[in-house]
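Structure file my_file.txt (compact mmCIF, C-alpha atoms and all ligand atoms) is printed below.
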```txt
# COMPACT_ATOMS: atom_id res chain seq x y z
CA MET A 1 93.79 111.43 73.74
CA ILE A 2 92.29 108.00 74.30
CA ASP A 3 88.57 107.85 73.58
CA LEU A 4 87.01 104.93 75.42
CA THR A 5 83.63 105.16 73.67
CA LEU A 6 82.85 102.02 71.73
CA SER A 7 81.40 102.37 68.23
CA PRO A 8 78.16 100.44 67.48
CA ASN A 9 80.27 98.17 65.24
CA ASP A 10 82.69 97.34 68.08
CA GLU A 11 79.85 96.88 70.56
CA GLN A 12 78.30 94.32 68.26
CA VAL A 13 81.58 92.43 67.88
CA LEU A 14 82.20 92.38 71.63
CA ARG A 15 78.62 91.27 72.37
CA ALA A 16 79.11 88.35 69.98
CA VAL A 17 82.43 87.49 71.67
CA ARG A 18 80.69 87.31 75.06
CA GLU A 19 77.92 85.11 73.63
CA GLU A 20 80.56 82.68 72.34
CA ALA A 21 82.39 82.87 75.67
CA LEU A 22 79.26 81.80 77.56
CA ILE A 23 78.97 78.72 75.32
CA ALA A 24 82.66 77.90 75.83
CA ARG A 25 82.20 78.21 79.59
CA ARG A 26 79.87 75.18 79.57
CA TYR A 27 82.91 73.03 78.68
CA ALA A 28 85.41 74.72 81.01
CA ARG A 29 85.11 72.28 83.91
CA TYR A 30 85.32 69.21 81.69
CA TYR A 31 88.65 70.19 80.14
CA ASP A 32 89.99 71.34 83.52
CA GLU A 33 89.34 67.87 84.92
CA ASN A 34 90.53 66.00 81.82
CA GLU A 35 93.92 67.59 81.35
CA HIS A 36 95.16 64.97 78.89
CA GLU A 37 92.43 65.91 76.38
CA PHE A 38 92.55 68.84 73.94
CA PRO A 39 89.45 70.98 73.42
CA PRO A 40 88.14 70.44 69.87
CA ASP A 41 88.71 72.94 67.07
CA GLN A 42 84.97 73.60 67.07
CA LEU A 43 82.37 73.02 69.78
CA PRO A 44 79.12 71.34 68.62
CA GLU A 45 77.26 74.66 69.02
CA ALA A 46 79.48 76.28 66.37
CA LYS A 47 77.28 75.00 63.54
CA ASP A 48 74.32 77.15 64.74
CA HIS A 49 76.40 80.14 65.63
CA PRO A 50 78.15 82.46 63.14
CA SER A 51 81.61 83.49 64.26
CA PHE A 52 82.04 86.87 65.95
CA MET A 53 84.59 87.52 63.18
CA THR A 54 81.72 87.82 60.68
CA ARG A 55 80.56 90.90 62.59
CA MET A 56 83.88 92.68 62.28
CA GLY A 57 82.78 94.38 59.06
CA HIS A 58 84.91 97.12 57.55
CA ARG A 59 86.83 99.04 60.18
CA GLY A 60 86.04 102.72 59.91
CA ASP A 61 86.03 106.07 61.68
CA GLY A 62 85.09 105.75 65.32
CA ASP A 63 86.02 102.06 65.53
CA ALA A 64 88.79 101.08 67.94
CA GLY A 65 92.26 100.38 66.54
CA MET A 66 93.09 96.72 65.96
CA ALA A 67 95.43 96.47 68.97
CA VAL A 68 92.82 97.88 71.36
CA LEU A 69 90.07 95.76 69.83
CA SER A 70 92.23 92.62 70.18
CA MET A 71 92.65 93.35 73.90
CA LEU A 72 88.90 93.76 74.35
CA ILE A 73 88.26 90.56 72.40
CA ALA A 74 90.82 88.67 74.54
CA MET A 75 89.15 89.94 77.71
CA GLY A 76 85.76 88.82 76.37
CA GLN A 77 86.94 85.37 75.31
CA THR A 78 88.68 84.52 78.57
CA TRP A 79 85.66 85.78 80.50
CA GLY A 80 84.31 82.45 79.20
CA ASP A 81 87.39 80.27 79.59
CA TYR A 82 91.16 80.51 79.25
CA SER A 83 91.44 77.81 76.59
CA VAL A 84 88.07 76.63 75.35
CA ARG A 85 86.64 78.52 72.35
CA LEU A 86 83.55 78.04 70.20
CA ARG A 87 86.06 78.00 67.32
CA ARG A 88 89.79 77.87 67.88
CA GLN A 89 91.91 80.25 65.83
CA GLU A 90 95.24 78.87 66.84
CA ARG A 91 98.18 81.20 66.58
CA GLY A 92 101.26 80.97 68.77
CA LEU A 93 103.83 83.31 70.22
CA GLY A 94 106.17 82.14 67.46
CA ASN A 95 103.90 83.86 64.93
CA SER A 96 104.47 87.18 66.70
CA ALA A 97 108.23 86.48 66.71
CA LEU A 98 108.16 85.75 62.99
CA GLN A 99 106.34 89.02 62.34
CA ALA A 100 108.77 90.98 64.55
CA ALA A 101 112.07 89.44 63.40
CA GLY A 102 111.55 87.41 60.21
CA THR A 103 112.52 88.52 56.69
CA ASP A 104 109.72 89.20 54.19
CA GLU A 105 110.54 85.89 52.51
CA GLN A 106 110.30 83.99 55.82
CA LYS A 107 107.00 85.67 56.67
CA ALA A 108 105.58 84.69 53.28
CA LYS A 109 106.82 81.11 53.64
CA TRP A 110 105.80 80.36 57.24
CA GLY A 111 103.25 83.02 58.19
CA HIS A 112 100.30 80.67 57.59
CA LEU A 113 101.58 78.09 60.12
CA THR A 114 100.84 77.96 63.84
CA LEU A 115 104.17 78.59 65.52
CA ALA A 116 105.07 78.14 69.18
CA MET A 117 108.03 79.87 70.78
CA ALA A 118 110.59 78.00 72.87
CA ILE A 119 112.94 80.07 75.02
CA THR A 120 112.66 78.54 78.49
CA GLU A 121 114.89 75.63 79.51
CA PRO A 122 115.54 73.83 82.77
CA GLY A 123 117.77 76.47 84.43
CA CYS A 124 116.93 79.34 82.06
CA GLY A 125 113.76 81.43 82.17
CA SER A 126 113.93 85.06 83.24
CA ASP A 127 117.44 85.53 81.91
CA PRO A 128 117.54 84.32 78.28
CA SER A 129 121.30 84.93 78.09
CA LEU A 130 121.60 81.61 79.95
CA VAL A 131 120.13 79.68 76.99
CA ARG A 132 122.12 76.46 76.61
CA THR A 133 120.44 75.00 73.53
CA SER A 134 123.11 75.27 70.87
CA ALA A 135 123.07 75.78 67.11
CA ARG A 136 126.16 74.80 65.15
CA LEU A 137 126.63 75.53 61.47
CA ASP A 138 127.50 72.43 59.47
CA GLY A 139 127.67 73.11 55.74
CA ASP A 140 124.25 74.39 54.70
CA HIS A 141 122.54 73.26 57.87
CA TRP A 142 122.24 74.32 61.49
CA VAL A 143 122.46 71.49 64.00
CA LEU A 144 120.40 72.07 67.14
CA ASN A 145 120.90 70.34 70.49
CA GLY A 146 119.13 71.08 73.76
CA GLU A 147 115.97 70.95 75.83
CA LYS A 148 113.01 73.34 76.10
CA ILE A 149 110.20 73.33 78.66
CA PHE A 150 106.78 74.96 79.06
CA VAL A 151 106.19 75.68 75.39
CA THR A 152 102.69 77.09 74.91
CA THR A 153 100.79 75.57 71.97
CA GLY A 154 103.73 73.16 71.85
CA CYS A 155 101.78 70.00 70.95
CA ARG A 156 99.44 71.47 68.37
CA ALA A 157 101.84 73.93 66.73
CA GLU A 158 103.10 73.08 63.25
CA GLY A 159 106.49 74.59 63.97
CA VAL A 160 108.42 76.45 66.64
CA VAL A 161 110.70 79.44 66.93
CA VAL A 162 113.57 78.17 69.10
CA TRP A 163 116.12 80.33 70.86
CA ALA A 164 119.61 78.85 70.72
CA THR A 165 123.14 80.10 71.13
CA VAL A 166 125.58 80.03 68.24
CA ASP A 167 128.39 81.24 70.51
CA LYS A 168 128.04 80.76 74.27
CA ALA A 169 130.97 83.11 74.99
CA ALA A 170 129.10 85.99 73.30
CA GLY A 171 126.23 85.92 75.88
CA ARG A 172 123.07 87.60 74.59
CA GLY A 173 124.84 88.52 71.34
CA GLY A 174 125.21 84.84 70.49
CA ILE A 175 121.51 84.06 70.83
CA LYS A 176 119.58 83.59 67.62
CA SER A 177 116.13 82.27 66.87
CA PHE A 178 115.48 79.41 64.47
CA LEU A 179 112.36 78.06 62.89
CA VAL A 180 111.99 74.31 63.26
CA LEU A 181 109.10 72.47 61.66
CA LYS A 182 107.35 69.53 63.26
CA GLY A 183 108.47 66.27 61.73
CA THR A 184 112.11 67.37 61.41
CA PRO A 185 114.27 64.41 62.51
CA GLY A 186 115.77 65.08 65.96
CA PHE A 187 112.88 67.37 67.05
CA ILE A 188 111.04 65.47 69.79
CA VAL A 189 107.89 66.55 71.64
CA ALA A 190 108.82 64.92 74.96
CA HIS A 191 105.55 65.38 76.86
CA LYS A 192 102.58 67.64 77.65
CA GLU A 193 103.15 69.53 80.92
CA LYS A 194 100.71 69.04 83.85
CA LYS A 195 99.74 72.29 85.57
CA LEU A 196 98.00 73.98 88.52
CA GLY A 197 95.70 75.93 86.21
CA ILE A 198 94.98 76.55 82.51
CA ARG A 199 94.94 72.78 82.27
CA ALA A 200 93.13 72.65 78.94
CA ASP A 201 95.96 74.67 77.47
CA ASP A 202 98.57 72.89 75.43
CA THR A 203 102.00 73.26 77.09
CA ALA A 204 104.81 70.98 75.91
CA ALA A 205 108.40 70.01 76.61
CA TYR A 206 110.79 69.59 73.66
CA VAL A 207 114.11 67.88 73.05
CA PHE A 208 116.43 68.67 70.11
CA GLN A 209 118.92 65.91 69.35
CA ASP A 210 121.27 66.65 66.44
CA CYS A 211 118.30 68.28 64.76
CA ARG A 212 119.40 69.52 61.31
CA ILE A 213 117.56 72.43 59.75
CA PRO A 214 118.33 74.34 56.52
CA ARG A 215 120.54 77.39 56.93
CA ASP A 216 117.75 79.78 55.83
CA GLN A 217 115.67 78.84 58.89
CA LEU A 218 117.61 81.32 61.01
CA LEU A 219 114.99 84.00 61.73
CA GLY A 220 116.01 87.35 60.23
CA GLY A 221 118.95 85.70 58.44
CA ASP A 222 121.70 87.58 60.33
CA GLU A 223 124.42 85.03 61.08
CA GLN A 224 126.87 87.53 62.53
CA VAL A 225 127.56 87.47 66.26
CA HIS A 226 127.39 90.97 67.70
CA ARG A 227 129.49 90.96 70.86
CA GLU A 228 127.85 93.86 72.71
CA SER A 229 124.19 93.49 71.98
CA SER A 230 122.41 91.72 69.20
CA GLY A 231 119.99 93.56 66.97
CA GLY A 232 118.36 90.20 66.32
CA PHE A 233 117.84 89.67 70.04
CA LYS A 234 116.22 93.09 70.39
CA GLY A 235 114.04 92.36 67.36
CA VAL A 236 112.64 89.23 68.94
CA MET A 237 112.21 90.99 72.30
CA LYS A 238 109.92 93.48 70.51
CA THR A 239 107.47 90.58 70.19
CA PHE A 240 106.61 91.16 73.82
CA ASN A 241 105.39 94.73 73.34
CA MET A 242 102.10 93.34 72.07
CA THR A 243 102.02 89.95 73.74
CA ARG A 244 102.51 91.32 77.28
CA PRO A 245 99.36 93.49 77.13
CA ALA A 246 97.62 90.45 75.59
CA VAL A 247 98.64 88.31 78.56
CA ALA A 248 97.30 91.04 80.85
CA ALA A 249 94.01 91.10 78.91
CA ILE A 250 93.66 87.31 79.14
CA GLY A 251 94.07 87.37 82.93
CA LEU A 252 91.71 90.32 83.27
CA GLY A 253 88.94 88.50 81.39
CA MET A 254 89.00 85.74 83.98
CA ALA A 255 89.19 88.22 86.86
CA GLU A 256 86.13 89.98 85.46
CA ALA A 257 84.30 86.65 85.34
CA ALA A 258 85.16 86.15 89.03
CA ILE A 259 83.86 89.61 89.93
CA ASP A 260 80.62 89.15 87.97
CA PHE A 261 80.04 85.78 89.64
CA THR A 262 80.66 87.26 93.09
CA ARG A 263 78.41 90.25 92.47
CA ASP A 264 75.56 87.96 91.35
CA ALA A 265 76.06 85.72 94.39
CA LEU A 266 75.94 88.70 96.76
CA ARG A 267 72.75 89.97 95.11
CA GLU A 268 71.19 86.52 95.45
CA ALA A 269 72.14 86.56 99.12
CA GLY A 270 70.15 89.78 99.50
CA PHE A 271 72.84 92.46 99.33
CA ALA A 272 71.88 95.62 97.46
CA ILE A 273 74.77 96.73 95.28
CA THR A 274 74.34 100.44 94.64
CA TYR A 275 77.18 102.69 93.65
CA GLY A 276 75.96 106.00 95.14
CA PRO A 277 76.90 105.87 98.83
CA THR A 278 80.47 106.14 100.10
CA LEU A 279 82.40 102.91 100.50
CA ALA A 280 82.27 103.30 104.29
CA ALA A 281 78.46 103.13 104.16
CA GLN A 282 78.46 99.80 102.28
CA PRO A 283 78.12 96.41 103.96
CA ALA A 284 81.58 94.84 104.32
CA PRO A 285 81.37 92.30 101.44
CA VAL A 286 79.99 94.93 99.07
CA GLU A 287 82.73 97.39 100.03
CA ARG A 288 85.33 94.68 99.36
CA LEU A 289 83.77 93.86 96.00
CA MET A 290 83.78 97.52 94.97
CA ARG A 291 87.48 97.84 95.80
CA LEU A 292 88.17 94.80 93.61
CA GLU A 293 86.09 96.31 90.81
CA ALA A 294 88.20 99.49 91.00
CA LEU A 295 91.37 97.41 90.83
CA LEU A 296 90.06 95.55 87.79
CA GLU A 297 89.27 98.82 86.03
CA ALA A 298 92.71 100.28 86.76
CA ALA A 299 94.41 97.19 85.30
CA GLN A 300 92.07 97.21 82.28
CA LEU A 301 92.92 100.86 81.60
CA ALA A 302 96.68 100.21 81.84
CA THR A 303 96.27 97.38 79.33
CA ILE A 304 94.19 99.40 76.90
CA ARG A 305 96.70 102.26 77.08
CA ALA A 306 99.58 99.96 76.10
CA ALA A 307 97.58 98.70 73.11
CA TRP A 308 96.39 102.19 72.16
CA LEU A 309 100.02 103.39 71.96
CA ALA A 310 100.73 100.50 69.58
CA ASP A 311 97.73 101.54 67.46
CA GLN A 312 99.18 105.08 67.30
CA GLY A 313 102.54 103.68 66.17
CA GLN A 314 104.16 104.95 69.37
CA PRO A 315 106.71 103.06 71.51
CA ASN A 316 105.00 101.05 74.25
CA ASN A 317 107.79 98.96 75.74
CA MET A 318 107.39 100.32 79.27
CA GLU A 319 103.59 100.54 79.08
CA ALA A 320 103.44 96.88 77.98
CA SER A 321 105.36 95.96 81.12
CA ILE A 322 103.20 98.23 83.28
CA ALA A 323 100.07 96.53 81.93
CA LYS A 324 101.42 93.06 82.61
CA ALA A 325 102.83 93.88 86.06
CA LYS A 326 99.61 95.64 87.12
CA ALA A 327 97.33 92.91 85.78
CA GLY A 328 99.48 90.08 87.15
CA GLY A 329 99.02 91.31 90.71
CA ALA A 330 95.45 92.52 90.22
CA VAL A 331 94.05 89.22 88.93
CA ARG A 332 95.51 87.33 91.87
CA GLU A 333 94.15 89.84 94.38
CA ILE A 334 90.75 89.90 92.68
CA THR A 335 90.20 86.14 92.44
CA GLN A 336 91.50 85.58 95.97
CA GLY A 337 89.33 88.46 97.24
CA CYS A 338 86.24 86.96 95.55
CA ILE A 339 86.94 83.61 97.22
CA GLU A 340 87.28 85.35 100.57
CA ILE A 341 83.97 87.18 100.06
CA LEU A 342 82.09 83.99 99.14
CA GLY A 343 83.83 81.54 101.50
CA PRO A 344 82.91 77.87 100.84
CA MET A 345 81.16 78.78 97.60
CA GLY A 346 84.46 80.22 96.42
CA VAL A 347 86.42 77.00 96.86
CA SER A 348 83.70 74.56 95.80
CA ARG A 349 84.25 72.75 92.51
CA ASP A 350 80.52 73.19 91.87
CA HIS A 351 81.48 76.66 90.64
CA LEU A 352 84.23 78.04 88.41
CA LEU A 353 85.60 80.62 90.85
CA GLU A 354 88.23 78.27 92.29
CA LYS A 355 89.28 77.45 88.70
CA TRP A 356 89.62 81.12 87.76
CA PHE A 357 91.75 81.55 90.90
CA ARG A 358 94.10 78.81 89.63
CA ASP A 359 93.96 79.90 85.99
CA VAL A 360 94.91 83.55 86.56
CA ARG A 361 98.12 82.62 88.41
CA ILE A 362 100.00 82.26 85.13
CA THR A 363 99.47 85.96 84.26
CA ASP A 364 102.37 86.91 86.52
CA ILE A 365 104.70 84.12 85.37
CA TYR A 366 105.02 83.64 81.62
CA GLU A 367 106.35 86.23 79.19
CA GLY A 368 108.39 87.69 82.02
CA THR A 369 107.44 87.44 85.68
CA GLY A 370 106.12 90.42 87.64
CA GLU A 371 109.61 91.00 89.05
CA ILE A 372 111.10 91.17 85.56
CA GLN A 373 108.39 93.61 84.39
CA ARG A 374 109.15 95.85 87.37
CA LEU A 375 112.86 95.75 86.49
CA ILE A 376 112.05 96.86 82.93
CA ILE A 377 109.83 99.68 84.21
CA ALA A 378 112.47 100.84 86.72
CA ARG A 379 115.25 100.76 84.12
CA THR A 380 113.18 102.83 81.71
CA LEU A 381 112.06 105.39 84.30
CA LEU A 382 115.48 105.78 85.91
CA GLY A 383 117.57 105.48 82.76
CA TYR A 384 119.63 102.54 84.04
CA SER A 385 121.17 99.98 81.71
CA ARG A 386 120.60 96.25 82.07
CA LYS A 387 124.05 95.95 83.68
CA GLU A 388 123.35 98.73 86.20
CA LEU A 389 120.01 97.35 87.37
CA LYS A 390 119.52 93.60 87.30
C1 LIG A 401 101.95 77.64 81.56
C2 LIG A 401 103.26 78.20 81.11
C3 LIG A 401 103.44 78.52 79.78
C4 LIG A 401 104.68 78.98 79.33
N1 LIG A 401 104.86 79.22 77.99
C5 LIG A 401 106.11 79.49 77.54
C6 LIG A 401 106.37 79.55 76.14
O1 LIG A 401 105.48 79.43 75.29
N2 LIG A 401 107.66 79.71 75.74
C7 LIG A 401 108.68 79.86 76.63
O2 LIG A 401 109.83 80.00 76.21
N3 LIG A 401 108.46 79.85 77.97
C8 LIG A 401 107.20 79.66 78.45
N4 LIG A 401 106.97 79.59 79.80
C9 LIG A 401 108.06 79.79 80.73
C10 LIG A 401 108.00 81.14 81.44
O3 LIG A 401 108.21 82.20 80.53
C11 LIG A 401 109.06 81.11 82.56
O4 LIG A 401 108.60 80.19 83.54
C12 LIG A 401 109.26 82.48 83.17
O5 LIG A 401 109.91 83.34 82.27
C13 LIG A 401 110.10 82.41 84.44
O6 LIG A 401 111.27 81.70 84.22
P1 LIG A 401 111.70 80.54 85.24
O7 LIG A 401 110.52 79.68 85.44
O8 LIG A 401 112.95 79.92 84.75
O9 LIG A 401 111.97 81.29 86.60
P2 LIG A 401 113.34 81.97 87.07
O10 LIG A 401 113.89 82.84 86.01
O11 LIG A 401 114.20 80.90 87.61
O12 LIG A 401 112.81 82.89 88.23
C14 LIG A 401 112.45 82.36 89.51
C15 LIG A 401 111.96 83.52 90.37
O13 LIG A 401 113.03 84.49 90.52
C16 LIG A 401 112.57 85.78 90.09
N5 LIG A 401 113.67 86.49 89.44
C17 LIG A 401 114.42 86.03 88.42
N6 LIG A 401 115.32 86.97 88.07
C18 LIG A 401 115.11 88.04 88.86
C19 LIG A 401 115.71 89.33 88.97
N7 LIG A 401 116.71 89.71 88.16
N8 LIG A 401 115.23 90.18 89.90
C20 LIG A 401 114.21 89.82 90.71
N9 LIG A 401 113.61 88.59 90.67
C21 LIG A 401 114.05 87.73 89.75
C22 LIG A 401 111.45 85.50 89.13
O14 LIG A 401 110.56 86.59 89.05
C23 LIG A 401 110.80 84.28 89.76
O15 LIG A 401 109.92 84.68 90.77
C24 LIG A 401 105.73 79.18 80.27
C25 LIG A 401 105.53 78.91 81.62
C26 LIG A 401 104.33 78.42 82.05
C27 LIG A 401 104.16 78.11 83.51
```

Mind turning the file's structure into structure tokens?
Amino acid sequence: MIDLTLSPNDEQVLRAVREEALIARRYARYYDENEHEFPPDQLPEAKDHPSFMTRMGHRGDGDAGMAVLSMLIAMGQTWGDYSVRLRRQERGLGNSALQAAGTDEQKAKWGHLTLAMAITEPGCGSDPSLVRTSARLDGDHWVLNGEKIFVTTGCRAEGVVVWATVDKAAGRGGIKSFLVLKGTPGFIVAHKEKKLGIRADDTAAYVFQDCRIPRDQLLGGDEQVHRESSGGFKGVMKTFNMTRPAVAAIGLGMAEAAIDFTRDALREAGFAITYGPTLAAQPAPVERLMRLEALLEAAQLATIRAAWLADQGQPNNMEASIAKAKAGGAVREITQGCIEILGPMGVSRDHLLEKWFRDVRITDIYEGTGEIQRLIIARTLLGYSRKELK
């Protein structure tokens, strides 16, 4: 059974995370308005502030599992800002892919690098079987050609895990992932994307033009094309069982910031916020806030459950999708609801609420949209195959 009590050790870590988040928040507006700039690896305050990591100590009885703790840390960090950190510990989605699908040798060789992951192309997002980037074997090299868009950590990453087809006719079975290092001739970072929200985040577009990489940079090393379904493909898809709850947690941190801001503003305006009376007895804005708080908690619990299953070594494919689908809708409803409660204060750029509203929108888009998560959940619950329900 899940025990939601935090150990003193974990409480200390999470308190330190929130302290760092408040410092990062001071810089949030600047990097939102200066999209072309990258937040620094360390903020000036870092020199007077030991990292929250130093408080991790030895994990012991009563401490949360690492997956659950990572979700709580992500929620705490993004309660400050989506991208700005007191100290950046850059790791990309490609690192998770390497861990899920790489050989031991590949993990040892590239595990220390920051790796982005490039699946999406113009014309291919939700359905990766449409990947057009190609990989052709030429002697002891693969030759990559194609275009990728919206690659998170794409500018700063030292390398990227790229999805490409080795045999278009084989559909999903022909899709393999390749590790390409920055600086490889033919690997071009075309531009940094400009976005509605999470503007301080590094999102890039790539072009591969006759980009030659050594044969051993095929992730997992399996060169065979499996016509029906590729084990390699499934291996890389497993990456999402941890990253989808993480995306949920990131969105929920910002939604919590919006709720805290709104609660404080209501108190300042003279509303008493007491949790005893029935909702019907509350003034309208307080009743609305409390409904949003309940929604936040439901989405937080779904996220923690998905991570807790991972900590127990249990399958969490469906729960990861539930967490992401629930959070994706919840964070939009929460931030929009907070703006509606506060009116002009909600849309003013004097405050961060309008930014949180823009920043959370991504929760329901990347790593599989809300619609795709609901498809996965329905297939699992009803026992349909991908072909039967798409
Ligand atoms: C800021 C940002 C960062 C990103 N980072 C990365 C990254 O690091 N790496 C990467 O590879 N990609 C990344 N992406 C891309 C992201 O994963 C895709 O945008 C997403 O998967 C959706 O794909 P698409 O945009 O092609 O939309 P489409 O697949 O064209 O979908 C369009 C709409 O149709 C819906 N839809 C599609 N298929 C179905 C279906 N079968 N049933 C019902 N509805 C459906 C979708 O839900 C969506 O609403 C990022 C995107 C953004 C905006």

Sorted per-residue table, chain A near ligand LIG 401 (chain A), closest atoms and distance, 7 Å, only C-alpha atoms and all ligand atoms, as a Markdown table:
```
| residue | atom | partner | partner_atom | distance |
| --- | --- | --- | --- | --- |
| A:Leu93 | CA | A:LIG401 | O1 | 6.6 |
| A:Ala116 | CA | A:LIG401 | O1 | 6.3 |
| A:Met117 | CA | A:LIG401 | N2 | 5.0 |
| A:Ala118 | CA | A:LIG401 | O2 | 4.0 |
| A:Ile119 | CA | A:LIG401 | O2 | 3.3 |
| A:Thr120 | CA | A:LIG401 | O2 | 3.9 |
| A:Pro122 | CA | A:LIG401 | O8 | 6.9 |
| A:Gly123 | CA | A:LIG401 | O8 | 5.9 |
| A:Cys124 | CA | A:LIG401 | O8 | 4.8 |
| A:Gly125 | CA | A:LIG401 | O8 | 3.1 |
| A:Ser126 | CA | A:LIG401 | O10 | 3.6 |
| A:Asp127 | CA | A:LIG401 | O10 | 6.1 |
| A:Ile149 | CA | A:LIG401 | N3 | 6.8 |
| A:Phe150 | CA | A:LIG401 | C24 | 4.5 |
| A:Val151 | CA | A:LIG401 | O1 | 3.8 |
| A:Thr152 | CA | A:LIG401 | O1 | 3.7 |
| A:Thr153 | CA | A:LIG401 | O1 | 6.9 |
| A:Thr203 | CA | A:LIG401 | C3 | 6.1 |
| A:Ile362 | CA | A:LIG401 | C27 | 6.1 |
| A:Ile365 | CA | A:LIG401 | C12 | 5.3 |
| A:Tyr366 | CA | A:LIG401 | O3 | 3.7 |
| A:Glu367 | CA | A:LIG401 | O3 | 4.6 |
| A:Gly368 | CA | A:LIG401 | O5 | 4.6 |
| A:Thr369 | CA | A:LIG401 | O14 | 4.7 |
| A:Gly370 | CA | A:LIG401 | O14 | 6.0 |
| A:Glu371 | CA | A:LIG401 | O14 | 4.5 |
| A:Ile372 | CA | A:LIG401 | O14 | 5.8 |
| A:Leu375 | CA | A:LIG401 | N8 | 6.9 |
| A:Lys390 | CA | A:LIG401 | N7 | 4.9 |
```

Can you tell me, as a list in words, what residues are no more than 7 Å from A:Lys192 when counting all atoms listed in the file, ignoring any on the same chain fewer than 2 positions away? Lys194, Asp202, Thr203, Ala204 and Ala205 of chain A

Could you give me, as a list of chain:residue names, the residues that have an atom at most 12 Å away from the point (76.9, 95.9, 105.8) in the coordinates of the file, using only C-alpha atoms?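 Selection result: A:Leu266, A:Gly270, A:Phe271, A:Ala272, A:Ile273, A:Leu279, A:Ala280, A:Ala281, A:Gln282, A:Pro283, A:Ala284, A:Pro285, A:Val286, A:Glu287, A:Arg288.
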
Can you tell me which residues surround A:Lys355 at a distance of at most 9 Å, considering all atoms listed in the file, apart from same-chain residues fewer than 5 positions away, and format the answer as a PyMOL selection string? chain A and resi 29+32+197-198+347+349+360

Find the residue from A:Ala255, A:Thr243, A:Thr380, A:Ile322 that sits nearest to A:Ala67; use all atoms listed in the file when measuring.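 Smallest distance to A:Ala67 is found for A:Thr243.
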
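With atom CA of A:Val84 on one side and atom CA of A:Tyr30 on the other, the separation reads 10.1 Å.
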
Would you work out the distance separating atom CA of A:Gly76 from atom CA of A:Gln373, expressed in Å to one decimal?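 So the two atoms, atom CA of A:Gly76 and atom CA of A:Gln373, lie 24.5 Å apart.
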
Near A:His49, within 10 Å and counting only C-alpha atoms, which residues show up once chain neighbours fewer than 2 positions away are dropped, as a list in words? Ala16, Glu19, Glu20, Pro44, Glu45, Ala46, Lys47, Ser51, Phe52 and Leu86 of chain A

Between atom CA of A:Leu292 and atom CA of A:Phe357, distance in Å (one decimal):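 If I compute the distance from atom CA of A:Leu292 to atom CA of A:Phe357, I get 14.0 Å.
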
Neighbouring residues of A:Met71 were defined as those with any atom within 8 Å, considering only C-alpha atoms; residues of the same chain fewer than 4 positions away were excluded. Please report them as a list in words.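 The contact residues come out as Ala67, Met75, Pro245, Ala246, Ala249, Thr303, Ile304 and Ala307 of chain A.
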
Using all atoms listed in the file, which of A:Gly62, A:Gly159, A:Gly102, A:Pro40 sits nearest A:Thr5? A:Gly62

Neighbours of A:Leu14 within 12 Å (all atoms listed in the file; same-chain residues fewer than 3 positions away dropped), as a short mmCIF file (atom, residue, chain, number, x, y, z; two decimals) with C-alpha atoms, in the frame of the given file?
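The file below, out_38.cif, is the result:
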```cif
data_model
loop_
_atom_site.label_atom_id
_atom_site.label_comp_id
_atom_site.auth_asym_id
_atom_site.auth_seq_id
_atom_site.Cartn_x
_atom_site.Cartn_y
_atom_site.Cartn_z
CA LEU A 6 82.85 102.02 71.73
CA SER A 7 81.40 102.37 68.23
CA PRO A 8 78.16 100.44 67.48
CA ASN A 9 80.27 98.17 65.24
CA ASP A 10 82.69 97.34 68.08
CA GLU A 11 79.85 96.88 70.56
CA VAL A 17 82.43 87.49 71.67
CA ARG A 18 80.69 87.31 75.06
CA GLU A 19 77.92 85.11 73.63
CA GLU A 20 80.56 82.68 72.34
CA ALA A 21 82.39 82.87 75.67
CA SER A 51 81.61 83.49 64.26
CA PHE A 52 82.04 86.87 65.95
CA MET A 53 84.59 87.52 63.18
CA THR A 54 81.72 87.82 60.68
CA ARG A 55 80.56 90.90 62.59
CA MET A 56 83.88 92.68 62.28
CA ALA A 64 88.79 101.08 67.94
CA VAL A 68 92.82 97.88 71.36
CA LEU A 69 90.07 95.76 69.83
CA SER A 70 92.23 92.62 70.18
CA MET A 71 92.65 93.35 73.90
CA LEU A 72 88.90 93.76 74.35
CA ILE A 73 88.26 90.56 72.40
CA ALA A 74 90.82 88.67 74.54
CA MET A 75 89.15 89.94 77.71
CA GLY A 76 85.76 88.82 76.37
CA GLN A 77 86.94 85.37 75.31
CA TRP A 79 85.66 85.78 80.50
#
```

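Distances to A:Lys324 were evaluated for A:Val247, A:Leu382, A:Leu295, A:Ile376 using all atoms listed in the file, and the minimum falls at A:Val247.
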
Ranking A:Ile213, A:Met66, A:Ala157, A:Val331 by minimum distance to A:Asn145 and counting all atoms listed in the file, which one comes first?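 For A:Asn145, the nearest of the candidates is A:Ile213.
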
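The shortest atom-to-atom distance to A:Val143, with only C-alpha atoms taken into account, belongs to A:Leu218 out of A:Leu196, A:Leu218, A:Ala320, A:Leu342.
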
Between A:Glu223, A:Trp163, A:Gly328, A:Ala170, single out the one closest to A:Arg244, counting all atoms listed in the file.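 Smallest separation from A:Arg244 among the options: A:Gly328.
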